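So this block is structure10.cif, mmCIF, C-alpha atoms and all ligand atoms:
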```cif
data_data
loop_
_atom_site.label_atom_id
_atom_site.label_comp_id
_atom_site.auth_asym_id
_atom_site.auth_seq_id
_atom_site.Cartn_x
_atom_site.Cartn_y
_atom_site.Cartn_z
CA MET A 1 -24.67 11.74 -10.53
CA THR A 2 -21.30 12.62 -8.97
CA LYS A 3 -19.93 9.66 -7.04
CA ARG A 4 -18.59 10.15 -3.53
CA ALA A 5 -15.60 8.22 -2.20
CA LEU A 6 -14.08 7.95 1.27
CA ILE A 7 -10.43 6.81 1.48
CA THR A 8 -8.71 5.74 4.69
CA GLY A 9 -4.91 5.93 4.52
CA ILE A 10 -5.10 9.15 2.49
CA THR A 11 -1.64 10.26 3.64
CA GLY A 12 -0.07 7.02 2.44
CA GLN A 13 1.45 6.12 -0.93
CA ASP A 14 -1.68 4.45 -2.31
CA GLY A 15 -4.10 6.99 -0.81
CA SER A 16 -2.46 9.80 -2.77
CA TYR A 17 -2.51 7.92 -6.10
CA LEU A 18 -6.07 6.69 -5.58
CA ALA A 19 -7.33 10.18 -4.70
CA GLU A 20 -5.73 11.52 -7.90
CA HIS A 21 -7.29 8.73 -9.94
CA LEU A 22 -10.80 9.19 -8.52
CA LEU A 23 -10.69 13.00 -8.80
CA SER A 24 -9.63 12.64 -12.45
CA ARG A 25 -12.75 10.53 -12.98
CA GLY A 26 -15.05 13.21 -11.57
CA TYR A 27 -15.49 11.80 -8.05
CA ARG A 28 -15.86 13.89 -4.91
CA VAL A 29 -13.22 12.49 -2.56
CA TRP A 30 -12.78 12.62 1.20
CA GLY A 31 -9.72 11.36 3.05
CA LEU A 32 -9.91 10.08 6.61
CA LEU A 33 -7.28 11.96 8.58
CA ARG A 34 -6.09 11.31 12.12
CA GLY A 35 -4.90 14.70 13.21
CA ARG A 36 -4.82 17.80 11.03
CA ALA A 37 -1.18 18.43 11.98
CA ASN A 38 -0.07 15.15 10.32
CA PRO A 39 3.07 16.07 8.31
CA ARG A 40 2.26 13.36 5.77
CA THR A 41 -0.72 15.40 4.49
CA SER A 42 1.99 17.03 2.33
CA ARG A 43 1.67 13.91 0.10
CA VAL A 44 -1.82 15.08 -0.93
CA ALA A 45 -1.46 18.85 -0.44
CA HIS A 46 -1.44 19.31 -4.23
CA LEU A 47 -4.98 17.86 -4.39
CA VAL A 48 -6.54 20.37 -1.99
CA PRO A 49 -9.13 21.96 -2.30
CA ASP A 50 -10.55 19.24 -4.64
CA LEU A 51 -9.81 16.70 -1.91
CA SER A 52 -11.65 17.10 1.42
CA PHE A 53 -10.78 15.65 4.82
CA VAL A 54 -12.82 14.08 7.57
CA ASP A 55 -11.45 13.20 11.01
CA GLY A 56 -11.21 9.59 12.17
CA ASP A 57 -9.05 6.70 13.29
CA LEU A 58 -9.39 2.98 12.56
CA THR A 59 -9.02 2.26 16.27
CA ASP A 60 -12.08 4.38 17.12
CA GLN A 61 -15.55 3.08 16.19
CA ALA A 62 -17.44 6.32 16.90
CA SER A 63 -15.16 8.36 14.64
CA LEU A 64 -15.63 5.91 11.74
CA LEU A 65 -19.40 5.95 12.12
CA ALA A 66 -19.40 9.75 12.18
CA ALA A 67 -17.10 9.92 9.12
CA VAL A 68 -19.18 7.52 7.01
CA ASP A 69 -22.38 9.28 8.07
CA ALA A 70 -20.96 12.72 7.25
CA VAL A 71 -19.59 11.75 3.82
CA GLN A 72 -22.44 9.41 2.76
CA PRO A 73 -20.04 7.72 0.32
CA ASP A 74 -20.88 5.47 -2.62
CA GLU A 75 -17.48 3.82 -2.25
CA VAL A 76 -15.17 3.32 0.74
CA TYR A 77 -11.52 2.32 0.19
CA ASN A 78 -9.86 1.03 3.35
CA LEU A 79 -6.16 1.65 2.74
CA GLY A 80 -5.34 2.72 6.31
CA ALA A 81 -2.91 0.41 8.11
CA LEU A 82 0.40 0.12 9.89
CA SER A 83 1.99 -1.26 6.75
CA SER A 84 5.58 -2.08 7.72
CA VAL A 85 6.07 -5.84 8.11
CA PRO A 86 9.15 -5.63 10.41
CA GLY A 87 7.38 -2.90 12.41
CA SER A 88 4.62 -5.40 13.18
CA TRP A 89 6.94 -7.42 15.42
CA GLN A 90 7.59 -4.23 17.44
CA GLN A 91 3.90 -3.35 17.92
CA PRO A 92 1.98 -6.58 17.31
CA GLU A 93 -1.07 -5.65 19.38
CA LEU A 94 -1.48 -2.22 17.79
CA VAL A 95 -1.04 -3.70 14.31
CA THR A 96 -3.74 -6.27 15.08
CA ASP A 97 -6.06 -3.51 16.28
CA VAL A 98 -5.53 -1.16 13.30
CA ASN A 99 -5.07 -3.67 10.44
CA GLY A 100 -7.45 -6.35 11.72
CA THR A 101 -10.13 -5.03 14.05
CA GLY A 102 -10.07 -1.68 12.21
CA VAL A 103 -11.56 -3.43 9.16
CA LEU A 104 -14.39 -4.80 11.29
CA ARG A 105 -15.07 -1.33 12.73
CA LEU A 106 -15.28 0.23 9.28
CA LEU A 107 -17.56 -2.53 7.97
CA GLU A 108 -19.82 -2.01 11.00
CA ALA A 109 -19.91 1.76 10.38
CA ILE A 110 -20.90 1.14 6.75
CA ARG A 111 -23.55 -1.40 7.72
CA MET A 112 -25.09 0.98 10.27
CA VAL A 113 -25.10 4.01 7.95
CA SER A 114 -26.47 1.91 5.06
CA ASP A 115 -29.31 0.64 7.24
CA LEU A 116 -30.18 4.15 8.35
CA SER A 117 -29.99 5.88 4.98
CA GLY A 118 -30.46 3.15 2.37
CA SER A 119 -32.72 5.11 0.05
CA ARG A 120 -30.04 7.75 -0.52
CA HIS A 121 -27.97 5.38 -2.64
CA ALA A 122 -28.70 4.45 -6.24
CA ASP A 123 -27.97 0.74 -5.77
CA GLY A 124 -30.39 0.10 -2.93
CA GLY A 125 -28.52 1.74 -0.08
CA ARG A 126 -25.37 -0.27 -0.39
CA ILE A 127 -22.04 1.43 0.09
CA ARG A 128 -19.32 -0.43 -1.82
CA PHE A 129 -16.26 -1.38 0.24
CA TYR A 130 -12.67 -2.12 -0.82
CA GLN A 131 -10.26 -3.79 1.62
CA ALA A 132 -6.49 -3.49 1.06
CA SER A 133 -5.51 -7.14 1.50
CA SER A 134 -1.92 -8.21 0.96
CA SER A 135 0.22 -10.90 -0.61
CA GLU A 136 1.84 -11.14 2.84
CA MET A 137 -1.17 -13.34 3.72
CA PHE A 138 0.35 -16.07 1.50
CA GLY A 139 3.56 -15.89 3.53
CA LYS A 140 5.19 -19.30 3.40
CA ALA A 141 3.32 -19.91 0.18
CA THR A 142 1.73 -23.29 -0.41
CA GLU A 143 2.00 -22.88 -4.20
CA THR A 144 3.64 -20.57 -6.75
CA PRO A 145 2.32 -18.39 -8.30
CA GLN A 146 -0.42 -17.35 -5.86
CA SER A 147 -4.00 -16.82 -7.01
CA GLU A 148 -7.40 -16.17 -5.38
CA THR A 149 -7.62 -19.86 -4.44
CA THR A 150 -4.19 -20.21 -2.81
CA GLY A 151 -4.29 -20.88 0.94
CA PHE A 152 -2.85 -18.45 3.50
CA HIS A 153 0.19 -19.01 5.73
CA PRO A 154 1.07 -15.55 7.11
CA ARG A 155 4.52 -15.14 8.71
CA SER A 156 4.21 -11.86 10.64
CA PRO A 157 1.74 -10.10 12.95
CA TYR A 158 1.07 -7.83 9.94
CA GLY A 159 0.20 -10.81 7.73
CA VAL A 160 -2.02 -12.36 10.40
CA ALA A 161 -3.94 -9.10 10.95
CA LYS A 162 -4.42 -8.66 7.19
CA THR A 163 -5.72 -12.23 6.97
CA TYR A 164 -8.35 -11.40 9.60
CA GLY A 165 -9.30 -8.25 7.61
CA HIS A 166 -9.62 -10.37 4.47
CA HIS A 167 -11.85 -12.97 6.09
CA ILE A 168 -14.08 -10.47 7.91
CA THR A 169 -14.64 -8.61 4.62
CA ARG A 170 -15.76 -11.84 2.92
CA THR A 171 -17.87 -12.71 5.96
CA TYR A 172 -19.74 -9.38 5.84
CA ARG A 173 -20.32 -9.86 2.12
CA GLU A 174 -21.76 -13.33 2.69
CA SER A 175 -23.69 -12.43 5.86
CA PHE A 176 -25.24 -9.11 4.93
CA GLY A 177 -25.09 -9.05 1.13
CA MET A 178 -22.69 -6.12 1.25
CA TYR A 179 -20.68 -5.22 -1.83
CA ALA A 180 -17.41 -5.76 0.06
CA VAL A 181 -14.28 -6.99 -1.73
CA SER A 182 -10.59 -7.48 -1.07
CA GLY A 183 -7.79 -6.74 -3.47
CA VAL A 184 -4.87 -9.04 -2.69
CA LEU A 185 -2.14 -6.72 -3.88
CA PHE A 186 1.49 -7.67 -4.31
CA ASN A 187 4.28 -5.17 -3.53
CA HIS A 188 3.83 -1.88 -5.34
CA GLU A 189 6.22 1.03 -5.20
CA SER A 190 6.72 4.59 -6.45
CA PRO A 191 8.65 7.76 -5.68
CA ARG A 192 6.05 8.29 -2.92
CA ARG A 193 6.90 4.98 -1.20
CA GLY A 194 7.90 5.25 2.46
CA ALA A 195 11.69 5.09 2.98
CA GLU A 196 11.27 2.13 5.38
CA PHE A 197 10.44 -0.20 2.45
CA VAL A 198 13.31 -1.83 0.64
CA THR A 199 12.98 -0.42 -2.90
CA ARG A 200 12.77 3.17 -1.66
CA LYS A 201 15.53 2.60 0.88
CA ILE A 202 17.67 1.46 -2.05
CA SER A 203 16.72 4.23 -4.51
CA LEU A 204 17.28 6.90 -1.87
CA ALA A 205 20.65 5.42 -0.87
CA ALA A 206 21.83 5.11 -4.49
CA ALA A 207 20.96 8.78 -5.07
CA ARG A 208 22.54 9.99 -1.83
CA ILE A 209 25.71 7.95 -2.29
CA LYS A 210 26.06 9.26 -5.84
CA LEU A 211 25.76 12.84 -4.53
CA GLY A 212 28.15 12.23 -1.61
CA ARG A 213 25.40 12.57 1.00
CA GLN A 214 25.56 8.98 2.31
CA LYS A 215 28.43 6.52 2.71
CA ARG A 216 26.92 3.05 2.60
CA LEU A 217 23.66 1.08 2.52
CA ASP A 218 22.83 -1.53 5.20
CA LEU A 219 20.39 -4.23 4.08
CA GLY A 220 19.01 -7.53 5.36
CA ASN A 221 18.12 -10.51 3.16
CA LEU A 222 19.34 -9.84 -0.39
CA ASP A 223 17.90 -13.14 -1.65
CA ALA A 224 14.25 -12.29 -0.92
CA VAL A 225 12.22 -12.27 -4.12
CA ARG A 226 9.15 -10.12 -4.77
CA ASP A 227 6.69 -9.31 -7.53
CA TRP A 228 7.13 -5.52 -7.65
CA GLY A 229 4.85 -3.17 -9.61
CA PHE A 230 4.02 0.54 -9.83
CA ALA A 231 1.50 1.93 -7.30
CA GLY A 232 -0.13 4.17 -9.93
CA ASP A 233 -1.15 1.03 -11.85
CA TYR A 234 -2.48 -0.76 -8.77
CA VAL A 235 -4.95 1.95 -7.68
CA ARG A 236 -6.68 1.53 -11.07
CA ALA A 237 -7.33 -2.09 -10.10
CA MET A 238 -8.83 -1.01 -6.74
CA HIS A 239 -11.29 1.29 -8.52
CA LEU A 240 -12.19 -1.35 -11.13
CA MET A 241 -12.96 -3.87 -8.37
CA LEU A 242 -15.76 -1.63 -7.10
CA GLN A 243 -17.32 -1.17 -10.57
CA GLN A 244 -18.22 -4.84 -11.22
CA GLU A 245 -21.68 -6.43 -11.19
CA GLU A 246 -20.69 -9.01 -8.59
CA PRO A 247 -18.39 -8.34 -5.63
CA THR A 248 -15.29 -10.48 -6.25
CA ASP A 249 -11.81 -10.61 -4.69
CA HIS A 250 -8.84 -10.22 -7.03
CA VAL A 251 -5.09 -10.89 -6.89
CA VAL A 252 -3.10 -8.03 -8.43
CA GLY A 253 0.57 -8.25 -9.43
CA THR A 254 2.85 -8.39 -12.46
CA GLY A 255 3.82 -12.08 -12.31
CA ARG A 256 7.47 -11.00 -12.75
CA LEU A 257 10.07 -11.81 -10.08
CA HIS A 258 13.13 -9.91 -8.90
CA SER A 259 15.36 -10.27 -5.86
CA VAL A 260 16.44 -7.51 -3.47
CA ARG A 261 19.91 -8.00 -5.02
CA ASP A 262 18.42 -7.25 -8.49
CA ALA A 263 16.85 -4.06 -7.09
CA VAL A 264 20.19 -2.91 -5.67
CA ARG A 265 22.07 -3.73 -8.87
CA CYS A 266 19.49 -1.91 -10.98
CA ALA A 267 19.36 1.23 -8.78
CA PHE A 268 23.14 1.59 -8.49
CA ALA A 269 23.56 1.01 -12.24
CA CYS A 270 21.18 3.97 -12.80
CA VAL A 271 23.72 6.25 -11.11
CA GLY A 272 26.77 4.54 -12.63
CA LEU A 273 27.99 2.87 -9.41
CA ASP A 274 28.95 -0.71 -8.53
CA TRP A 275 26.61 -1.73 -5.69
CA THR A 276 29.15 -4.17 -4.20
CA ASP A 277 31.31 -1.17 -3.20
CA HIS A 278 28.52 0.28 -1.03
CA VAL A 279 26.13 -2.38 0.29
CA VAL A 280 26.68 -4.06 3.67
CA VAL A 281 24.55 -6.97 4.88
CA ASP A 282 23.40 -6.40 8.46
CA PRO A 283 22.05 -9.61 10.10
CA ALA A 284 19.98 -7.42 12.45
CA LEU A 285 17.82 -6.48 9.44
CA VAL A 286 16.94 -10.10 8.69
CA ARG A 287 13.37 -10.84 9.85
CA PRO A 288 12.40 -13.35 12.57
CA ALA A 289 10.38 -15.23 9.93
CA GLU A 290 11.02 -14.30 6.30
CA VAL A 291 8.71 -14.53 3.31
CA GLU A 292 11.19 -15.70 0.67
CA VAL A 293 9.22 -15.53 -2.61
CA LEU A 294 5.90 -14.01 -3.65
CA CYS A 295 4.59 -14.17 -7.22
CA ALA A 296 1.13 -13.16 -8.44
CA ASP A 297 -1.16 -15.12 -10.72
CA SER A 298 -3.37 -12.18 -11.79
CA ARG A 299 -5.25 -13.91 -14.58
CA ARG A 300 -8.62 -13.13 -12.96
CA ALA A 301 -7.83 -9.39 -12.74
CA ARG A 302 -6.52 -9.29 -16.30
CA ALA A 303 -9.50 -11.15 -17.78
CA GLY A 304 -12.28 -9.87 -15.51
CA LEU A 305 -11.22 -6.28 -14.86
CA GLY A 306 -9.22 -5.74 -18.04
CA TRP A 307 -6.37 -4.63 -15.78
CA GLU A 308 -2.76 -4.56 -17.01
CA PRO A 309 0.39 -3.13 -15.40
CA THR A 310 2.10 -0.46 -17.51
CA VAL A 311 5.47 -0.03 -15.74
CA ASP A 312 8.05 -2.83 -15.61
CA PHE A 313 10.64 -3.31 -12.87
CA PRO A 314 13.66 -1.57 -14.49
CA ALA A 315 11.46 1.44 -15.40
CA LEU A 316 10.07 1.53 -11.85
CA MET A 317 13.53 1.54 -10.28
CA ARG A 318 14.69 4.23 -12.74
CA MET A 319 11.66 6.38 -11.91
CA MET A 320 12.40 6.10 -8.18
CA VAL A 321 16.15 6.74 -8.49
CA HIS A 322 15.64 9.79 -10.71
CA SER A 323 13.09 11.22 -8.31
CA ASP A 324 15.45 10.63 -5.37
CA LEU A 325 18.39 12.21 -7.22
CA GLU A 326 16.30 15.33 -7.60
CA ARG A 327 15.17 15.21 -3.96
CA ALA A 328 18.62 14.42 -2.55
CA SER A 329 20.24 17.23 -4.53
CA ARG A 330 18.14 19.64 -2.42
CA GLU A 331 19.41 18.10 0.87
CA PRO A 332 22.40 19.74 2.54
CA ALA A 333 25.62 17.79 1.98
CA TYR A 334 27.30 16.20 5.02
CA GLY A 335 30.10 18.83 4.92
CA ASP A 336 27.49 21.65 4.88
CA LEU A 337 25.81 20.19 7.97
CA LEU A 338 29.13 20.18 9.85
CA GLN A 339 29.62 23.85 8.91
CA VAL A 340 26.12 24.73 10.15
CA ALA A 341 26.93 22.94 13.41
CA GLY A 342 30.09 25.08 13.67
CA ARG A 343 32.52 22.15 13.46
P1 LIG B 1 1.38 3.53 3.75
O1 LIG B 1 2.06 4.44 2.80
O2 LIG B 1 2.15 2.99 4.90
O3 LIG B 1 0.11 4.31 4.33
C1 LIG B 1 -0.62 3.83 5.43
C2 LIG B 1 -1.74 4.79 5.75
O4 LIG B 1 -2.50 4.25 6.86
C3 LIG B 1 -1.29 6.20 6.16
O5 LIG B 1 -2.11 7.14 5.54
C4 LIG B 1 -1.55 6.21 7.67
O6 LIG B 1 -1.90 7.48 8.15
C5 LIG B 1 -2.77 5.30 7.76
N1 LIG B 1 -3.02 4.83 9.11
C6 LIG B 1 -2.13 4.28 9.98
N2 LIG B 1 -2.71 4.02 11.16
C7 LIG B 1 -4.01 4.44 11.04
C8 LIG B 1 -5.11 4.45 11.92
N3 LIG B 1 -5.03 4.01 13.19
N4 LIG B 1 -6.29 4.94 11.48
C9 LIG B 1 -6.39 5.43 10.21
N5 LIG B 1 -5.38 5.44 9.33
C10 LIG B 1 -4.20 4.94 9.74
O7 LIG B 1 0.77 2.28 2.99
P2 LIG B 1 0.52 2.06 1.41
O8 LIG B 1 1.75 1.51 0.79
O9 LIG B 1 -0.13 3.26 0.85
O10 LIG B 1 -0.52 0.86 1.45
C11 LIG B 1 -1.93 1.10 1.51
C12 LIG B 1 -2.63 -0.13 2.05
O11 LIG B 1 -2.39 -1.25 1.21
C13 LIG B 1 -2.17 -0.56 3.45
O12 LIG B 1 -3.29 -1.09 4.11
C14 LIG B 1 -1.17 -1.66 3.17
O13 LIG B 1 -1.10 -2.55 4.27
C15 LIG B 1 -1.80 -2.31 1.96
N6 LIG B 1 -0.89 -2.97 1.03
C16 LIG B 1 0.18 -2.28 0.54
C17 LIG B 1 1.01 -2.89 -0.39
C18 LIG B 1 2.19 -2.17 -0.97
O14 LIG B 1 3.05 -2.84 -1.56
N7 LIG B 1 2.26 -0.85 -0.87
C19 LIG B 1 0.73 -4.21 -0.82
C20 LIG B 1 -0.39 -4.86 -0.29
C21 LIG B 1 -1.20 -4.23 0.61
P3 LIG B 1 -0.98 8.37 9.13
O15 LIG B 1 -0.28 9.34 8.22
O16 LIG B 1 -1.98 9.01 10.03
O17 LIG B 1 -0.03 7.45 9.84
N1 LIG B 2 12.25 -3.06 4.60
C1 LIG B 2 13.41 -3.70 4.35
N2 LIG B 2 14.59 -3.14 4.75
N3 LIG B 2 13.36 -4.89 3.69
C2 LIG B 2 14.54 -5.50 3.42
C3 LIG B 2 15.78 -4.97 3.80
C4 LIG B 2 15.80 -3.73 4.50
O1 LIG B 2 16.85 -3.20 4.88
N4 LIG B 2 16.76 -5.82 3.38
C5 LIG B 2 16.15 -6.83 2.78
N5 LIG B 2 14.80 -6.66 2.79
C6 LIG B 2 13.81 -7.61 2.28
C7 LIG B 2 12.78 -8.03 3.31
O2 LIG B 2 13.31 -9.04 4.17
C8 LIG B 2 11.64 -8.50 2.41
O3 LIG B 2 11.83 -9.87 2.09
C9 LIG B 2 11.80 -7.68 1.14
O4 LIG B 2 13.05 -7.00 1.25
C10 LIG B 2 10.69 -6.64 0.95
O5 LIG B 2 10.58 -5.87 2.13
P1 LIG B 2 9.66 -4.54 2.20
O6 LIG B 2 10.03 -3.61 1.12
O7 LIG B 2 9.73 -4.05 3.61
O8 LIG B 2 8.21 -5.08 1.81
P2 LIG B 2 7.37 -6.32 2.37
O9 LIG B 2 7.29 -7.32 1.26
O10 LIG B 2 7.84 -6.81 3.67
O11 LIG B 2 5.95 -5.66 2.62
C11 LIG B 2 5.38 -4.75 1.67
O12 LIG B 2 4.62 -5.46 0.73
C12 LIG B 2 3.50 -6.16 1.28
C13 LIG B 2 2.83 -6.90 0.13
O13 LIG B 2 3.48 -8.12 -0.07
C14 LIG B 2 4.54 -3.75 2.47
O14 LIG B 2 4.11 -2.72 1.61
C15 LIG B 2 3.31 -4.42 3.07
O15 LIG B 2 2.45 -3.42 3.64
C16 LIG B 2 2.58 -5.14 1.92
O16 LIG B 2 1.41 -5.76 2.41
#
```
Take the structure in this file and express it as structure tokens.
Amino acid sequence: MTKRALITGITGQDGSYLAEHLLSRGYRVWGLLRGRANPRTSRVAHLVPDLSFVDGDLTDQASLLAAVDAVQPDEVYNLGALSSVPGSWQQPELVTDVNGTGVLRLLEAIRMVSDLSGSRHADGGRIRFYQASSSEMFGKATETPQSETTGFHPRSPYGVAKTYGHHITRTYRESFGMYAVSGVLFNHESPRRGAEFVTRKISLAAARIKLGRQKRLDLGNLDAVRDWGFAGDYVRAMHLMLQQEEPTDHVVGTGRLHSVRDAVRCAFACVGLDWTDHVVVDPALVRPAEVEVLCADSRRARAGLGWEPTVDFPALMRMMVHSDLERASREPAYGDLLQVAGR
């Protein structure tokens, strides 16, 4: 029977890759969309008409209930969130509502629809639920590398809200027997990554500087270290987590570490430039409380799901820089803009 999936966060980086992955496996896929005029639907425009949309917002319980009832999904992937960590200090209450309470609302919608229409699902009326948890929950990590048993010490309103989402998912699993799991995913990037995140900010700047469309790159903490992987690999892990006999949380990452400085060096080397000529450290971009190092211990995912990453860090940065070179070459040059403005 054709499986049905509902994805929140469809206009985001991961939503687009996950929709592609599920469609390629024969799923019918719906994306939860808040507002049909959302310009970010362009990220998934190439998937329409195979991909369908349903209206809803994680801050609105009635819309989630209506969406789950309308789609009658076998699997729900909750990728919707305000996902910028620095942005979470600007809008802490909203981030808590969307990234924390939003998870509770979606779980409630699933529980209600499952209770009402249990017989319509092959596995006893249970809709399987995936929660996009984050390595930011480890924050000031109590051990390195971090696994499913490592304690949480979040360092931002984003991290705290995600920690609530993680715990409420486990609580619904234990309370109601729901197949509800969290994937604790470490940083994953791609050419579709938002330009507010550091790798994409760097790849875009390297491309623009090479093409004479930008002068310099302002960055914050160059010493921060992350475990960066490719988003296309990580959505495979999300799907695998919902195909297991027992609902189990998994940590997903490469186990390989690189600093922001490494990312800059790598991206600028791709375009034949010396990064030290172009990068300026701006103390205003340093966070109120930084997460210095995150490193995944993904042994459970590798052994239990058979999951492996396929793109290493240098290949990831090359992929992003090449995509941004192509994109930036279509942007008007600074001189052209002055001409258009009549100056
Ligand atoms: P992203 O590109 O920032 O996308 C976020 C998505 O959430 C967008 O589609 C956005 O839709 C949606 N959204 C925002 N507010 C919403 C609301 N009130 N109701 C419904 N949807 C809302 O994020 P991503 O990189 O794809 O990440 C996907 C998920 O994984 C997020 O939950 C993120 O926190 C988590 N995560 C990401 C990483 C990573 O490295 N990428 C690592 C760990 C966890 P609009 O277009 O309507 O704003
Ligand atoms: N964004 C940004 N901009 N980060 C910078 C900059 C800058 O100019 N300069 C240095 N950094 C450092 C940050 O201080 C941080 O230590 C590191 O680069 C990574 O920042 P981001 O790319 O913004 O990612 P993040 O680690 O804070 O959060 C991402 O990964 C999480 C998983 O660990 C997001 O995708 C979260 O949604 C996700 O949960």
Margin query: Around ligand LIG 2 (chain B), out to 9 Å and counting all atoms listed in the file, which residues are there? I want them as a VMD selection string.
Written below: chain A and resid 81 to 86 132 to 139 158 to 159 162 184 to 189 193 to 202 217 to 228 259 to 261 281 to 282 285 to 287 289 to 294
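The nearest approach to ligand LIG 1 (chain B) among the residues A:Lys140, A:His21, A:His258, A:Arg36, with all atoms listed in the file taken into account, belongs to A:Arg36.
All residues of protein, DNA or RNA that reach within 6 Å of Asp74 in chain A, judged by only C-alpha atoms and not counting those fewer than 6 positions away in the chain, are A:Arg4, A:Ala5, A:Ile127.
The shortest atom-to-atom distance to ligand LIG 1 (chain B), with only C-alpha atoms and all ligand atoms taken into account, belongs to A:Arg192 out of A:His46, A:Arg155, A:Arg111, A:Arg192.
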With 9 Å as the cut-off and all atoms listed in the file counted, what is the closest atom pair between each nearby residue of range 263-338 of chain A and range 146-151 of chain A? Distances in Å to one decimal, ordered by chain and number, as a tab-separated table.
```
residue	atom	partner	partner_atom	distance
A:Leu294	CA	A:Gln146	CA	7.5
A:Cys295	CA	A:Gln146	CA	6.1
A:Ala296	CA	A:Gln146	CA	5.2
A:Asp297	CA	A:Ser147	CA	5.0
A:Ser298	CA	A:Ser147	CA	6.7
A:Arg299	CA	A:Ser147	CA	8.2
A:Arg300	CA	A:Glu148	CA	8.3
```
Next item on the list: For Tyr172 in chain A, work out the shell of residues within 12 Å, counting only C-alpha atoms and skipping chain neighbours fewer than 2 positions away, then give it as number ranges by chain.
Entry: A: 103-108, 110-111, 128-129, 131, 165-170, 174-182, 247
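One distance worth recording is that between CA of Phe53 in chain A and CA of Gly31 in chain A, which is 4.8 Å.
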Item checked: Separation of atom O8 of ligand LIG 1 (chain B) from CA of Ala141 in chain A in Å -> 21.5 Å
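Take the candidates A:Val279, A:Leu273, A:Leu204, A:Val264 and check each one against Ser329 in chain A using only C-alpha atoms; the shortest distance goes to A:Leu204.
When all atoms listed in the file are used to compute distances to Leu316 in chain A, the closest of the residues A:Leu79, A:Ala267, A:Ala109, A:Ala284 turns out to be A:Ala267.
CA of Ala37 in chain A lies 25.6 Å from CA of Gly100 in chain A.
The nearest approach to ligand LIG 1 (chain B) among the residues A:Arg40, A:Arg208, A:Arg28, A:Lys3, with all atoms listed in the file taken into account, belongs to A:Arg40.
Residue nearest ligand LIG 1 (chain B), chosen from A:Leu325, A:Ala315, A:Met1, A:Ala231 and counting all atoms listed in the file: A:Ala231.
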Checklist line | Shell around Gly272 in chain A at 12 Å using all atoms listed in the file, local window under 2 positions removed, as a list of chain:residue names | finding: A:Ala206, A:Ala207, A:Ile209, A:Lys210, A:Leu211, A:Arg265, A:Cys266, A:Ala267, A:Phe268, A:Ala269, A:Cys270, A:Asp274, A:Trp275, A:Asp277, A:Val321
Listed atoms of range 238-241 of chain A, axis-aligned box, 4 Å per side: centre and edge lengths to one decimal in Å, as AutoDock Vina command-line options?
```
--center_x -10.9 --center_y -1.3 --center_z -8.9 --size_x 12.1 --size_y 13.2 --size_z 12.4
```
